[in-house]
file query.pdb (PDB, C-alpha atoms, pLDDT in the B column)
ATOM      1  CA  MET F  91      33.255  -1.114  -1.051  1.00 78.00           C
ATOM      2  CA  LYS F  92      29.628  -0.696  -0.057  1.00 95.00           C
ATOM      3  CA  ASN F  93      27.539   1.779  -2.006  1.00 98.00           C
ATOM      4  CA  ASP F  94      24.587   3.473  -0.310  1.00 97.00           C
ATOM      5  CA  VAL F  95      21.625   3.560  -2.693  1.00 98.00           C
ATOM      6  CA  ILE F  96      18.063   4.848  -2.838  1.00 98.00           C
ATOM      7  CA  VAL F  97      15.917   3.321  -5.565  1.00 98.00           C
ATOM      8  CA  GLY F  98      12.498   4.675  -6.549  1.00 98.00           C
ATOM      9  CA  LEU F  99       9.649   2.267  -7.255  1.00 98.00           C
ATOM     10  CA  GLY F 100       6.495   3.123  -9.162  1.00 97.00           C
ATOM     11  CA  SER F 101       3.598   1.243 -10.733  1.00 97.00           C
ATOM     12  CA  ASN F 102       0.122   1.905 -12.097  1.00 97.00           C
ATOM     13  CA  ILE F 103      -0.771  -1.550 -13.423  1.00 96.00           C
ATOM     14  CA  ASP F 104      -1.872  -3.689 -10.455  1.00 97.00           C
ATOM     15  CA  PRO F 105       0.480  -1.542  -8.343  1.00 97.00           C
ATOM     16  CA  ARG F 106       0.033  -3.318  -5.016  1.00 95.00           C
ATOM     17  CA  ILE F 107       0.971  -6.642  -6.597  1.00 97.00           C
ATOM     18  CA  HIS F 108       3.937  -5.359  -8.615  1.00 98.00           C
ATOM     19  CA  ILE F 109       5.365  -3.140  -5.861  1.00 98.00           C
ATOM     20  CA  GLU F 110       5.193  -6.050  -3.415  1.00 98.00           C
ATOM     21  CA  LYS F 111       6.884  -8.420  -5.894  1.00 98.00           C
ATOM     22  CA  ALA F 112       9.640  -5.862  -6.564  1.00 98.00           C
ATOM     23  CA  LEU F 113      10.153  -5.276  -2.832  1.00 98.00           C
ATOM     24  CA  THR F 114      10.372  -9.020  -2.226  1.00 98.00           C
ATOM     25  CA  GLN F 115      13.065  -9.412  -4.902  1.00 98.00           C
ATOM     26  CA  ILE F 116      15.035  -6.402  -3.629  1.00 98.00           C
ATOM     27  CA  LYS F 117      14.874  -7.662  -0.025  1.00 97.00           C
ATOM     28  CA  THR F 118      15.993 -11.115  -1.188  1.00 97.00           C
ATOM     29  CA  ARG F 119      19.008  -9.671  -3.053  1.00 97.00           C
ATOM     30  CA  PHE F 120      20.107  -6.892  -0.666  1.00 96.00           C
ATOM     31  CA  LEU F 121      20.473  -6.580   3.107  1.00 89.00           C
ATOM     32  CA  LYS F 122      19.011  -3.994   5.466  1.00 93.00           C
ATOM     33  CA  VAL F 123      16.447  -2.677   2.992  1.00 97.00           C
ATOM     34  CA  ARG F 124      14.443   0.228   4.393  1.00 98.00           C
ATOM     35  CA  ALA F 125      11.315   1.449   2.602  1.00 98.00           C
ATOM     36  CA  SER F 126       9.589   4.808   2.529  1.00 98.00           C
ATOM     37  CA  GLU F 127       5.847   5.188   2.624  1.00 97.00           C
ATOM     38  CA  PHE F 128       4.148   4.393  -0.690  1.00 98.00           C
ATOM     39  CA  ILE F 129       1.620   6.946  -1.917  1.00 97.00           C
ATOM     40  CA  PHE F 130      -0.664   7.301  -4.917  1.00 97.00           C
ATOM     41  CA  THR F 131       0.103  10.196  -7.259  1.00 95.00           C
ATOM     42  CA  GLU F 132      -1.429  11.605 -10.414  1.00 92.00           C
ATOM     43  CA  PRO F 133       0.259  10.601 -13.695  1.00 93.00           C
ATOM     44  CA  ILE F 134       2.817  13.015 -15.144  1.00 86.00           C
ATOM     45  CA  GLY F 135       3.016  13.783 -18.856  1.00 84.00           C
ATOM     46  CA  PHE F 136       0.417  11.310 -20.097  1.00 84.00           C
ATOM     47  CA  LYS F 137      -2.732  11.986 -18.041  1.00 86.00           C
ATOM     48  CA  HIS F 138      -5.136   9.364 -19.468  1.00 88.00           C
ATOM     49  CA  GLN F 139      -4.095   6.478 -17.263  1.00 94.00           C
ATOM     50  CA  ALA F 140      -4.436   5.176 -13.700  1.00 95.00           C
ATOM     51  CA  ARG F 141      -2.724   6.869 -10.783  1.00 95.00           C
ATOM     52  CA  PHE F 142       0.747   5.639  -9.801  1.00 96.00           C
ATOM     53  CA  CYS F 143       1.820   4.116  -6.520  1.00 98.00           C
ATOM     54  CA  ASN F 144       5.279   5.533  -5.693  1.00 98.00           C
ATOM     55  CA  GLY F 145       7.882   5.123  -2.987  1.00 98.00           C
ATOM     56  CA  ALA F 146      11.546   4.289  -2.493  1.00 98.00           C
ATOM     57  CA  VAL F 147      13.925   1.883  -0.779  1.00 98.00           C
ATOM     58  CA  ARG F 148      17.397   2.418   0.654  1.00 98.00           C
ATOM     59  CA  PHE F 149      20.056  -0.278   0.939  1.00 98.00           C
ATOM     60  CA  SER F 150      23.778  -0.951   0.628  1.00 97.00           C
ATOM     61  CA  THR F 151      25.324  -2.911  -2.211  1.00 97.00           C
ATOM     62  CA  ASP F 152      28.698  -4.051  -3.494  1.00 96.00           C
ATOM     63  CA  LEU F 153      27.393  -3.674  -7.058  1.00 98.00           C
ATOM     64  CA  SER F 154      28.507  -0.808  -9.282  1.00 97.00           C
ATOM     65  CA  ALA F 155      25.869   1.695 -10.416  1.00 98.00           C
ATOM     66  CA  GLU F 156      25.905   0.175 -13.906  1.00 98.00           C
ATOM     67  CA  THR F 157      25.486  -3.383 -12.626  1.00 98.00           C
ATOM     68  CA  LEU F 158      22.689  -2.357 -10.264  1.00 98.00           C
ATOM     69  CA  LYS F 159      20.921  -0.532 -13.096  1.00 98.00           C
ATOM     70  CA  SER F 160      21.137  -3.689 -15.247  1.00 98.00           C
ATOM     71  CA  TRP F 161      19.770  -5.776 -12.367  1.00 98.00           C
ATOM     72  CA  LEU F 162      16.863  -3.345 -11.908  1.00 98.00           C
ATOM     73  CA  LEU F 163      16.081  -3.394 -15.655  1.00 97.00           C
ATOM     74  CA  ALA F 164      16.067  -7.205 -15.600  1.00 98.00           C
ATOM     75  CA  LEU F 165      13.707  -7.131 -12.601  1.00 98.00           C
ATOM     76  CA  GLU F 166      11.395  -4.741 -14.472  1.00 97.00           C
ATOM     77  CA  ASP F 167      11.375  -7.153 -17.420  1.00 96.00           C
ATOM     78  CA  ALA F 168      10.699 -10.128 -15.119  1.00 97.00           C
ATOM     79  CA  LEU F 169       7.708  -8.260 -13.654  1.00 97.00           C
ATOM     80  CA  GLY F 170       6.203  -7.699 -17.114  1.00 94.00           C
ATOM     81  CA  ARG F 171       7.394  -4.172 -17.906  1.00 94.00           C
ATOM     82  CA  VAL F 172       6.658  -3.302 -21.525  1.00 89.00           C
ATOM     83  CA  ARG F 173       8.691  -0.394 -22.875  1.00 87.00           C
ATOM     84  CA  THR F 174       6.860   1.816 -25.358  1.00 82.00           C
ATOM     85  CA  GLU F 175       7.565   5.108 -27.093  1.00 80.00           C
ATOM     86  CA  ASN F 176       5.450   6.819 -24.420  1.00 79.00           C
ATOM     87  CA  LYS F 177       7.993   7.073 -21.600  1.00 81.00           C
ATOM     88  CA  ASN F 178       5.238   8.347 -19.274  1.00 80.00           C
ATOM     89  CA  GLY F 179       2.778   5.577 -20.091  1.00 86.00           C
ATOM     90  CA  PRO F 180       1.381   2.812 -17.909  1.00 92.00           C
ATOM     91  CA  ARG F 181       3.786   0.292 -16.426  1.00 94.00           C
ATOM     92  CA  THR F 182       3.824  -2.741 -14.164  1.00 96.00           C
ATOM     93  CA  ILE F 183       6.954  -1.456 -12.424  1.00 97.00           C
ATOM     94  CA  ASP F 184       9.480   1.340 -12.750  1.00 97.00           C
ATOM     95  CA  LEU F 185      12.751   1.079 -10.822  1.00 98.00           C
ATOM     96  CA  ASP F 186      15.191   3.990 -10.899  1.00 97.00           C
ATOM     97  CA  ILE F 187      18.348   4.762  -8.957  1.00 98.00           C
ATOM     98  CA  LEU F 188      17.578   8.123  -7.344  1.00 98.00           C
ATOM     99  CA  VAL F 189      20.538   8.565  -4.975  1.00 98.00           C
ATOM    100  CA  TRP F 190      23.996   7.032  -5.164  1.00 98.00           C
ATOM    101  CA  ASN F 191      26.354   7.462  -2.184  1.00 98.00           C
ATOM    102  CA  GLY F 192      24.589  10.593  -0.994  1.00 97.00           C
ATOM    103  CA  LYS F 193      24.318  12.257  -4.405  1.00 97.00           C
ATOM    104  CA  ILE F 194      21.016  12.686  -6.225  1.00 97.00           C
ATOM    105  CA  ILE F 195      21.578  11.276  -9.703  1.00 98.00           C
ATOM    106  CA  ASP F 196      18.046  11.214 -11.148  1.00 97.00           C
ATOM    107  CA  PRO F 197      16.977  14.590 -12.592  1.00 96.00           C
ATOM    108  CA  ASP F 198      13.295  13.784 -11.952  1.00 94.00           C
ATOM    109  CA  VAL F 199      13.893  14.262  -8.215  1.00 97.00           C
ATOM    110  CA  GLU F 200      14.071  18.044  -8.681  1.00 95.00           C
ATOM    111  CA  GLU F 201      10.597  18.140 -10.272  1.00 93.00           C
ATOM    112  CA  ARG F 202       8.707  15.530  -8.263  1.00 95.00           C
ATOM    113  CA  ASP F 203       7.729  16.251  -4.684  1.00 95.00           C
ATOM    114  CA  PHE F 204       6.810  12.622  -4.018  1.00 96.00           C
ATOM    115  CA  LEU F 205      10.387  11.547  -4.830  1.00 97.00           C
ATOM    116  CA  GLN F 206      11.828  14.243  -2.573  1.00 97.00           C
ATOM    117  CA  SER F 207       9.496  13.175   0.228  1.00 97.00           C
ATOM    118  CA  ALA F 208      10.491   9.509  -0.095  1.00 98.00           C
ATOM    119  CA  ILE F 209      14.193  10.415  -0.101  1.00 98.00           C
ATOM    120  CA  LYS F 210      13.787  12.686   2.939  1.00 97.00           C
ATOM    121  CA  THR F 211      12.210   9.790   4.820  1.00 97.00           C
ATOM    122  CA  LEU F 212      15.139   7.507   4.039  1.00 98.00           C
ATOM    123  CA  GLN F 213      18.000  10.033   4.154  1.00 97.00           C
ATOM    124  CA  PRO F 214      16.868  13.254   5.881  1.00 96.00           C
ATOM    125  CA  ASP F 215      20.325  14.864   5.836  1.00 94.00           C
ATOM    126  CA  LEU F 216      20.370  14.948   2.035  1.00 91.00           C
ATOM    127  CA  PHE F 217      18.192  18.051   1.775  1.00 80.00           C
TER     128      PHE F 217
END

call {"tool": "encode", "arguments": {"input": "query.pdb", "output": "structure tokens"}}
result
Amino acid sequence: MKNDVIVGLGSNIDPRIHIEKALTQIKTRFLKVRASEFIFTEPIGFKHQARFCNGAVRFSTDLSAETLKSWLLALEDALGRVRTENKNGPRTIDLDILVWNGKIIDPDVEERDFLQSAIKTLQPDLF
């Protein structure tokens, strides 16, 4: 069974490099990847850091949500993501499943206009 997925991407450490590397890996692994526009946004929570570049991609996958999440975490690690106690701190890449089969599953979507905008671009009927 194919699952329809929207994954959010964000970075504020060399964002153009890390977003491009993440997109390349996602496009290599999954078919028919469509990307939203990527925009720069102010940091949330921890303000003393560089702005983030944020966007999203939509694709279909045979993977389960859990397996996809593990794959995304491994990709974050491969791209140099360092996890610290500050969950809003700087990062090379952040990859989160936002929508799974037409259902918003990430609670941050409700609070972040840039995520809503990216999702609307990729799946306008969701809102």

call {"tool": "residues_around", "arguments": {"input": "query.pdb", "residues": "region 135-152 of chain F", "least_positions_apart": "4", "cutoff": "6 Å", "atoms": "all atoms listed in the file", "output": "MDAnalysis selection string"}}
result
chainID F and resid 91:102 122:131 178 208

call {"tool": "residues_around", "arguments": {"input": "query.pdb", "residues": "region 159-161 of chain F", "least_positions_apart": "5", "cutoff": "9 Å", "atoms": "only C-alpha atoms", "output": "VMD selection string"}}
result
chain F and resid 154 166 185 to 187

call {"tool": "closest_atom_pairs", "arguments": {"input": "query.pdb", "of": "region 116-190 of chain F", "to": "region 199-203 of chain F", "cutoff": "10 Å", "atoms": "all atoms listed in the file", "output": "Markdown table"}}
result
| residue | atom | partner | partner_atom | distance |
| --- | --- | --- | --- | --- |
| F:Ile134 | CA | F:Arg202 | CA | 9.4 |
| F:Leu188 | CA | F:Val199 | CA | 7.2 |
| F:Val189 | CA | F:Val199 | CA | 9.3 |

call {"tool": "resolve_selection", "arguments": {"input": "query.pdb", "expression": "the PyMOL selection byres ((chain F and resi 112) around 9)", "output": "ChimeraX atom specification"}}
result
/F:99,107-111,113-117,165-166,169,183,185

call {"tool": "write_last_selection", "arguments": {"input": "query.pdb", "atoms": "C-alpha atoms", "output": "compact mmCIF listing (two decimals), keeping the file's coordinate frame"}}
result
# COMPACT_ATOMS: atom_id res chain seq x y z
CA LEU F 99 9.65 2.27 -7.26
CA ILE F 107 0.97 -6.64 -6.60
CA HIS F 108 3.94 -5.36 -8.62
CA ILE F 109 5.36 -3.14 -5.86
CA GLU F 110 5.19 -6.05 -3.42
CA LYS F 111 6.88 -8.42 -5.89
CA LEU F 113 10.15 -5.28 -2.83
CA THR F 114 10.37 -9.02 -2.23
CA GLN F 115 13.06 -9.41 -4.90
CA ILE F 116 15.04 -6.40 -3.63
CA LYS F 117 14.87 -7.66 -0.02
CA LEU F 165 13.71 -7.13 -12.60
CA GLU F 166 11.40 -4.74 -14.47
CA LEU F 169 7.71 -8.26 -13.65
CA ILE F 183 6.95 -1.46 -12.42
CA LEU F 185 12.75 1.08 -10.82

call {"tool": "atom_distance", "arguments": {"input": "query.pdb", "atom1": "CA of Leu205 (chain F)", "atom2": "CA of Phe217 (chain F)"}}
result
12.1 Å

call {"tool": "atom_distance", "arguments": {"input": "query.pdb", "atom1": "CA of Asp198 (chain F)", "atom2": "CA of Arg171 (chain F)"}}
result
19.8 Å

call {"tool": "atom_distance", "arguments": {"input": "query.pdb", "atom1": "CA of Ile195 (chain F)", "atom2": "CA of Leu212 (chain F)"}}
result
15.6 Å

call {"tool": "axis_aligned_box", "arguments": {"input": "query.pdb", "around": "region 193-199 of chain F", "padding_each_side": "3 Å", "output": "AutoDock Vina command-line options"}}
result
--center_x 18.8 --center_y 12.9 --center_z -8.5 --size_x 17.0 --size_y 9.4 --size_z 14.2

call {"tool": "closest_residue", "arguments": {"input": "query.pdb", "among": "F:Ala168, F:Lys177, F:Asp184, F:Trp190", "to": "Leu153 (chain F)", "atoms": "all atoms listed in the file"}}
result
F:Trp190

call {"tool": "build_atoms", "arguments": {"input": "query.pdb", "residues": "region 162-184 of chain F", "atoms": "N, CA, C and O atoms", "output": "CSV table (one decimal), in the coordinates of the input"}}
result
chain,number,residue,atom,x,y,z
F,162,LEU,N,18.2,-3.9,-12.0
F,162,LEU,CA,16.9,-3.3,-11.9
F,162,LEU,C,16.1,-3.5,-13.2
F,162,LEU,O,14.9,-3.8,-13.2
F,163,LEU,N,16.7,-3.2,-14.4
F,163,LEU,CA,16.1,-3.4,-15.7
F,163,LEU,C,15.6,-4.8,-15.9
F,163,LEU,O,14.5,-5.1,-16.4
F,164,ALA,N,16.4,-5.8,-15.5
F,164,ALA,CA,16.1,-7.2,-15.6
F,164,ALA,C,14.9,-7.5,-14.7
F,164,ALA,O,14.0,-8.3,-15.1
F,165,LEU,N,14.8,-6.9,-13.5
F,165,LEU,CA,13.7,-7.1,-12.6
F,165,LEU,C,12.4,-6.5,-13.2
F,165,LEU,O,11.4,-7.1,-13.2
F,166,GLU,N,12.5,-5.3,-13.8
F,166,GLU,CA,11.4,-4.7,-14.5
F,166,GLU,C,10.9,-5.7,-15.5
F,166,GLU,O,9.7,-5.9,-15.6
F,167,ASP,N,11.8,-6.2,-16.4
F,167,ASP,CA,11.4,-7.2,-17.4
F,167,ASP,C,10.7,-8.4,-16.8
F,167,ASP,O,9.7,-8.8,-17.3
F,168,ALA,N,11.3,-8.9,-15.7
F,168,ALA,CA,10.7,-10.1,-15.1
F,168,ALA,C,9.3,-9.9,-14.6
F,168,ALA,O,8.5,-10.8,-14.5
F,169,LEU,N,9.0,-8.6,-14.2
F,169,LEU,CA,7.7,-8.3,-13.7
F,169,LEU,C,6.8,-7.7,-14.7
F,169,LEU,O,5.8,-7.1,-14.4
F,170,GLY,N,7.1,-8.0,-16.0
F,170,GLY,CA,6.2,-7.7,-17.1
F,170,GLY,C,6.2,-6.3,-17.7
F,170,GLY,O,5.3,-5.9,-18.4
F,171,ARG,N,7.3,-5.5,-17.4
F,171,ARG,CA,7.4,-4.2,-17.9
F,171,ARG,C,7.5,-4.2,-19.4
F,171,ARG,O,8.3,-4.9,-20.0
F,172,VAL,N,6.6,-3.4,-20.1
F,172,VAL,CA,6.7,-3.3,-21.5
F,172,VAL,C,7.1,-1.9,-21.8
F,172,VAL,O,6.5,-0.9,-21.4
F,173,ARG,N,8.2,-1.7,-22.6
F,173,ARG,CA,8.7,-0.4,-22.9
F,173,ARG,C,8.1,0.1,-24.2
F,173,ARG,O,8.2,-0.6,-25.2
F,174,THR,N,7.5,1.3,-24.2
F,174,THR,CA,6.9,1.8,-25.4
F,174,THR,C,7.5,3.2,-25.6
F,174,THR,O,8.3,3.7,-24.9
F,175,GLU,N,7.1,3.8,-26.8
F,175,GLU,CA,7.6,5.1,-27.1
F,175,GLU,C,7.1,6.1,-26.1
F,175,GLU,O,7.8,7.2,-25.9
F,176,ASN,N,6.0,5.9,-25.4
F,176,ASN,CA,5.4,6.8,-24.4
F,176,ASN,C,6.2,6.5,-23.1
F,176,ASN,O,5.8,5.7,-22.3
F,177,LYS,N,7.2,7.3,-22.8
F,177,LYS,CA,8.0,7.1,-21.6
F,177,LYS,C,7.2,7.4,-20.3
F,177,LYS,O,7.6,7.0,-19.2
F,178,ASN,N,6.1,8.1,-20.4
F,178,ASN,CA,5.2,8.3,-19.3
F,178,ASN,C,4.0,7.5,-19.2
F,178,ASN,O,3.1,7.8,-18.5
F,179,GLY,N,4.0,6.4,-20.0
F,179,GLY,CA,2.8,5.6,-20.1
F,179,GLY,C,2.7,4.6,-18.9
F,179,GLY,O,3.5,4.5,-18.0
F,180,PRO,N,1.6,3.8,-19.0
F,180,PRO,CA,1.4,2.8,-17.9
F,180,PRO,C,2.5,1.8,-17.8
F,180,PRO,O,3.2,1.5,-18.8
F,181,ARG,N,2.7,1.3,-16.6
F,181,ARG,CA,3.8,0.3,-16.4
F,181,ARG,C,3.5,-0.6,-15.2
F,181,ARG,O,3.0,-0.1,-14.2
F,182,THR,N,4.0,-1.8,-15.3
F,182,THR,CA,3.8,-2.7,-14.2
F,182,THR,C,4.8,-2.3,-13.1
F,182,THR,O,4.4,-2.4,-11.9
F,183,ILE,N,6.0,-1.9,-13.4
F,183,ILE,CA,7.0,-1.5,-12.4
F,183,ILE,C,8.0,-0.5,-13.1
F,183,ILE,O,8.3,-0.7,-14.3
F,184,ASP,N,8.4,0.4,-12.3
F,184,ASP,CA,9.5,1.3,-12.8
F,184,ASP,C,10.5,1.4,-11.6
F,184,ASP,O,10.1,1.7,-10.5
